[in-house]
Amino acid sequence: MKMKCLIVDDEHIARKILSDYVSKVPELELVASCSSALQALNHIKKDSIDILFLDIQMPDLTGLDFLKILPNRPATILTTAYSEYAVQSYELDVIDYLLKPIDFDRFYKAVTKAISLKDSKVDYPSTTSPSQLTDKLFIKADSKIISVAFQDIIVINGQGPYVQLITVHDRKIMTLQSMSKLEELLPANFYRIHRSHIVNINHIDSIDGNMVRLKNHTAVVSKNKRDEFLKLIDQLNLLGD
């Protein structure tokens with residue numbers, strides 16, 4: 001089944017180039033090409049969009065602000081002439097960040113990431129979470145599917161469109177996945193203490209200020225997560241008087 005695409009860019013020539021690129025990839029189907037985020041919102045509401053090609057600098061509503069208000073974001077590839085938004089965009093779990101002018105090879109590489117990410121997802125019954133079905137996490141890495149026991153995962157670190165899992169054997173596994181999507185697959189003993197860190201509470205050795213120590217690794221608790229995190233630890237009877 002083809003992946004449905006939506007292009008959003010206020011520049012006609014940019015929309016034309018991306019439309020031509022989409023037509024060259026057999027796995028893609030262009031649903032619409034929009035000149036504004038507000039116009040695109042109507043298509044997202046009525047169509048099932050798999051990939052969103054989104055410009056950042058647009059009138060009325062920027063691409064980044066548009067992403068923030070979307071409840072169910074499609075896999076998003078940002079297309080922009082400005083490099084300074086890269087860090088901020090990855091905080092929104094975008095698939096890739098393409099700088100204009102965009103050549104086809106770079107476009108195709110980004111699309112391949114989006115296709116791989118979709119292929120790595122598993123549909124579960126709505127009444128059953130993945131962590132209730134198995135005690136393992138199955139992820140794509142190094143061109144194969146690897147199983148990792150939940151209990152062996154110490155910490156998960158976000159690195160742009162990728163995540164790195166570190167296990168008790170100091171094994172490091174890199175996979176193309178967003179932190180938000182991965183978070184949905186984890187059991188209750190995992191907690192996201194920072195936009196770039198998910199920790200396994202069972203492996204916490206100590207908490208010192210905003211630093212969490214887990215075996216030979218550390219992770220930072222963000223300011224907006226600290227109170228909630230310490231309250232959770234307190235509820236688990238891990239804090240002394």
# chains A, B, ... in the order shown; residues from 1 in each chain; ligands from 1

$ residues_around --residues "Met174 of chain A" --least-positions-apart "4" --cutoff "12 Å" --atoms "only C-alpha atoms" --output "JSON, numbers by chain"
{"A": [139, 140, 141, 142, 143, 144, 145, 146, 156, 157, 158, 159, 160, 161, 162, 163, 164, 165, 166, 167, 178]}

$ closest_atom_pairs --of "segment 114-202 of chain A" --to "segment 53-75 of chain A" --cutoff "9 Å" --atoms "only C-alpha atoms" --output "JSON lines"
{"residue": "A:Ala114", "atom": "CA", "partner": "A:Ala75", "partner_atom": "CA", "distance": 6.4}
{"residue": "A:Leu117", "atom": "CA", "partner": "A:Ala75", "partner_atom": "CA", "distance": 8.6}
{"residue": "A:Lys118", "atom": "CA", "partner": "A:Ala75", "partner_atom": "CA", "distance": 8.6}

$ write_last_selection --atoms "all heavy atoms" --output "CSV table (one decimal), in the first residue's frame"
chain,number,residue,atom,x,y,z
A,114,ALA,N,11.3,7.4,6.5
A,114,ALA,CA,9.9,7.4,6.8
A,114,ALA,C,9.2,6.0,6.5
A,114,ALA,O,8.5,5.5,7.3
A,114,ALA,CB,9.1,8.5,6.1
A,117,LEU,N,10.4,3.5,9.1
A,117,LEU,CA,9.8,3.7,10.4
A,117,LEU,C,8.4,3.1,10.4
A,117,LEU,O,8.0,2.5,11.3
A,117,LEU,CB,9.7,5.2,10.7
A,117,LEU,CG,9.1,5.6,12.0
A,117,LEU,CD1,10.0,5.0,13.1
A,117,LEU,CD2,9.1,7.1,12.2
A,118,LYS,N,7.7,3.3,9.3
A,118,LYS,CA,6.3,2.7,9.2
A,118,LYS,C,6.4,1.2,9.2
A,118,LYS,O,5.6,0.5,9.8
A,118,LYS,CB,5.6,3.2,7.9
A,118,LYS,CG,4.2,2.7,7.8
A,118,LYS,CD,3.5,3.2,6.6
A,118,LYS,CE,2.1,2.6,6.5
A,118,LYS,NZ,1.3,3.0,5.3

$ closest_residue --among "A:Ile102, A:Leu214, A:Cys34, A:Val94" --to "Lys181 of chain A" --atoms "only C-alpha atoms"
A:Val94

$ select_by_dssp --residues "segment 94-197 of chain A" --states "strand (DSSP E)" --output "PyMOL selection string"
chain A and resi 96-99+136-141+144-149+153-159+162-167+172-176+190-194+197

$ closest_residue --among "A:Leu176, A:Phe107, A:Lys225, A:Leu98" --to "Ser19 of chain A" --atoms "only C-alpha atoms"
A:Phe107

$ residues_around --residues "Tyr97 of chain A" --least-positions-apart "4" --cutoff "9 Å" --atoms "only C-alpha atoms" --output "ChimeraX atom specification"
/A:76-80,83,86,89-90,110

$ decode --residues "segment 200-212 of chain A" --atoms "all heavy atoms" --output "PDB file, in the first residue's frame"
ATOM      1  N   ASN A 200      14.797   3.294  33.052  1.00  0.00           N
ATOM      2  CA  ASN A 200      14.156   2.147  33.692  1.00  0.00           C
ATOM      3  C   ASN A 200      14.316   2.338  35.199  1.00  0.00           C
ATOM      4  O   ASN A 200      15.432   2.281  35.729  1.00  0.00           O
ATOM      5  CB  ASN A 200      14.829   0.848  33.234  1.00  0.00           C
ATOM      6  CG  ASN A 200      14.121  -0.382  33.769  1.00  0.00           C
ATOM      7  OD1 ASN A 200      13.363  -0.318  34.730  1.00  0.00           O
ATOM      8  ND2 ASN A 200      14.389  -1.527  33.159  1.00  0.00           N
ATOM      9  N   ILE A 201      13.224   2.612  35.882  1.00  0.00           N
ATOM     10  CA  ILE A 201      13.273   2.909  37.311  1.00  0.00           C
ATOM     11  C   ILE A 201      13.939   1.788  38.106  1.00  0.00           C
ATOM     12  O   ILE A 201      14.599   2.025  39.118  1.00  0.00           O
ATOM     13  CB  ILE A 201      11.841   3.179  37.831  1.00  0.00           C
ATOM     14  CG1 ILE A 201      11.295   4.467  37.224  1.00  0.00           C
ATOM     15  CG2 ILE A 201      11.818   3.281  39.361  1.00  0.00           C
ATOM     16  CD1 ILE A 201       9.852   4.762  37.558  1.00  0.00           C
ATOM     17  N   ASN A 202      13.808   0.555  37.649  1.00  0.00           N
ATOM     18  CA  ASN A 202      14.400  -0.580  38.359  1.00  0.00           C
ATOM     19  C   ASN A 202      15.925  -0.553  38.362  1.00  0.00           C
ATOM     20  O   ASN A 202      16.547  -1.276  39.132  1.00  0.00           O
ATOM     21  CB  ASN A 202      13.925  -1.889  37.736  1.00  0.00           C
ATOM     22  CG  ASN A 202      12.439  -2.113  37.926  1.00  0.00           C
ATOM     23  OD1 ASN A 202      11.849  -1.581  38.852  1.00  0.00           O
ATOM     24  ND2 ASN A 202      11.829  -2.892  37.042  1.00  0.00           N
ATOM     25  N   HIS A 203      16.525   0.256  37.500  1.00  0.00           N
ATOM     26  CA  HIS A 203      17.989   0.305  37.417  1.00  0.00           C
ATOM     27  C   HIS A 203      18.572   1.586  37.987  1.00  0.00           C
ATOM     28  O   HIS A 203      19.772   1.829  37.864  1.00  0.00           O
ATOM     29  CB  HIS A 203      18.441   0.149  35.956  1.00  0.00           C
ATOM     30  CG  HIS A 203      18.281  -1.228  35.411  1.00  0.00           C
ATOM     31  ND1 HIS A 203      18.917  -2.326  35.949  1.00  0.00           N
ATOM     32  CD2 HIS A 203      17.543  -1.691  34.368  1.00  0.00           C
ATOM     33  CE1 HIS A 203      18.592  -3.408  35.262  1.00  0.00           C
ATOM     34  NE2 HIS A 203      17.749  -3.054  34.296  1.00  0.00           N
ATOM     35  N   ILE A 204      17.749   2.404  38.656  1.00  0.00           N
ATOM     36  CA  ILE A 204      18.266   3.644  39.234  1.00  0.00           C
ATOM     37  C   ILE A 204      19.109   3.335  40.474  1.00  0.00           C
ATOM     38  O   ILE A 204      18.668   2.650  41.391  1.00  0.00           O
ATOM     39  CB  ILE A 204      17.108   4.596  39.620  1.00  0.00           C
ATOM     40  CG1 ILE A 204      16.391   5.092  38.355  1.00  0.00           C
ATOM     41  CG2 ILE A 204      17.636   5.793  40.420  1.00  0.00           C
ATOM     42  CD1 ILE A 204      15.195   5.983  38.648  1.00  0.00           C
ATOM     43  N   ASP A 205      20.340   3.843  40.495  1.00  0.00           N
ATOM     44  CA  ASP A 205      21.217   3.690  41.658  1.00  0.00           C
ATOM     45  C   ASP A 205      21.086   4.875  42.609  1.00  0.00           C
ATOM     46  O   ASP A 205      21.096   4.712  43.826  1.00  0.00           O
ATOM     47  CB  ASP A 205      22.677   3.556  41.209  1.00  0.00           C
ATOM     48  CG  ASP A 205      22.954   2.224  40.533  1.00  0.00           C
ATOM     49  OD1 ASP A 205      22.282   1.238  40.885  1.00  0.00           O
ATOM     50  OD2 ASP A 205      23.822   2.171  39.648  1.00  0.00           O
ATOM     51  N   SER A 206      20.978   6.078  42.049  1.00  0.00           N
ATOM     52  CA  SER A 206      20.856   7.266  42.899  1.00  0.00           C
ATOM     53  C   SER A 206      20.321   8.442  42.094  1.00  0.00           C
ATOM     54  O   SER A 206      20.390   8.451  40.861  1.00  0.00           O
ATOM     55  CB  SER A 206      22.218   7.634  43.513  1.00  0.00           C
ATOM     56  OG  SER A 206      23.132   8.024  42.493  1.00  0.00           O
ATOM     57  N   ILE A 207      19.779   9.424  42.838  1.00  0.00           N
ATOM     58  CA  ILE A 207      19.309  10.664  42.241  1.00  0.00           C
ATOM     59  C   ILE A 207      19.995  11.792  42.995  1.00  0.00           C
ATOM     60  O   ILE A 207      19.848  11.931  44.213  1.00  0.00           O
ATOM     61  CB  ILE A 207      17.776  10.814  42.360  1.00  0.00           C
ATOM     62  CG1 ILE A 207      17.078   9.629  41.683  1.00  0.00           C
ATOM     63  CG2 ILE A 207      17.317  12.127  41.725  1.00  0.00           C
ATOM     64  CD1 ILE A 207      15.582   9.578  41.936  1.00  0.00           C
ATOM     65  N   ASP A 208      20.769  12.592  42.282  1.00  0.00           N
ATOM     66  CA  ASP A 208      21.531  13.674  42.899  1.00  0.00           C
ATOM     67  C   ASP A 208      21.207  14.965  42.153  1.00  0.00           C
ATOM     68  O   ASP A 208      21.725  15.208  41.061  1.00  0.00           O
ATOM     69  CB  ASP A 208      23.030  13.362  42.819  1.00  0.00           C
ATOM     70  CG  ASP A 208      23.871  14.414  43.523  1.00  0.00           C
ATOM     71  OD1 ASP A 208      23.285  15.307  44.158  1.00  0.00           O
ATOM     72  OD2 ASP A 208      25.114  14.349  43.435  1.00  0.00           O
ATOM     73  N   GLY A 209      20.328  15.784  42.745  1.00  0.00           N
ATOM     74  CA  GLY A 209      19.905  16.998  42.056  1.00  0.00           C
ATOM     75  C   GLY A 209      19.104  16.631  40.818  1.00  0.00           C
ATOM     76  O   GLY A 209      18.087  15.952  40.896  1.00  0.00           O
ATOM     77  N   ASN A 210      19.591  17.071  39.665  1.00  0.00           N
ATOM     78  CA  ASN A 210      18.906  16.738  38.416  1.00  0.00           C
ATOM     79  C   ASN A 210      19.584  15.593  37.665  1.00  0.00           C
ATOM     80  O   ASN A 210      19.271  15.326  36.512  1.00  0.00           O
ATOM     81  CB  ASN A 210      18.819  17.971  37.501  1.00  0.00           C
ATOM     82  CG  ASN A 210      20.188  18.423  37.003  1.00  0.00           C
ATOM     83  OD1 ASN A 210      21.207  18.105  37.609  1.00  0.00           O
ATOM     84  ND2 ASN A 210      20.210  19.172  35.914  1.00  0.00           N
ATOM     85  N   MET A 211      20.527  14.913  38.344  1.00  0.00           N
ATOM     86  CA  MET A 211      21.251  13.802  37.723  1.00  0.00           C
ATOM     87  C   MET A 211      20.744  12.463  38.261  1.00  0.00           C
ATOM     88  O   MET A 211      20.662  12.259  39.469  1.00  0.00           O
ATOM     89  CB  MET A 211      22.752  13.909  37.997  1.00  0.00           C
ATOM     90  CG  MET A 211      23.405  15.164  37.421  1.00  0.00           C
ATOM     91  SD  MET A 211      23.286  15.243  35.613  1.00  0.00           S
ATOM     92  CE  MET A 211      24.244  13.802  35.153  1.00  0.00           C
ATOM     93  N   VAL A 212      20.399  11.576  37.350  1.00  0.00           N
ATOM     94  CA  VAL A 212      19.986  10.224  37.709  1.00  0.00           C
ATOM     95  C   VAL A 212      21.095   9.269  37.289  1.00  0.00           C
ATOM     96  O   VAL A 212      21.511   9.262  36.126  1.00  0.00           O
ATOM     97  CB  VAL A 212      18.665   9.840  36.998  1.00  0.00           C
ATOM     98  CG1 VAL A 212      18.262   8.413  37.355  1.00  0.00           C
ATOM     99  CG2 VAL A 212      17.563  10.808  37.379  1.00  0.00           C
TER     100      VAL A 212
END
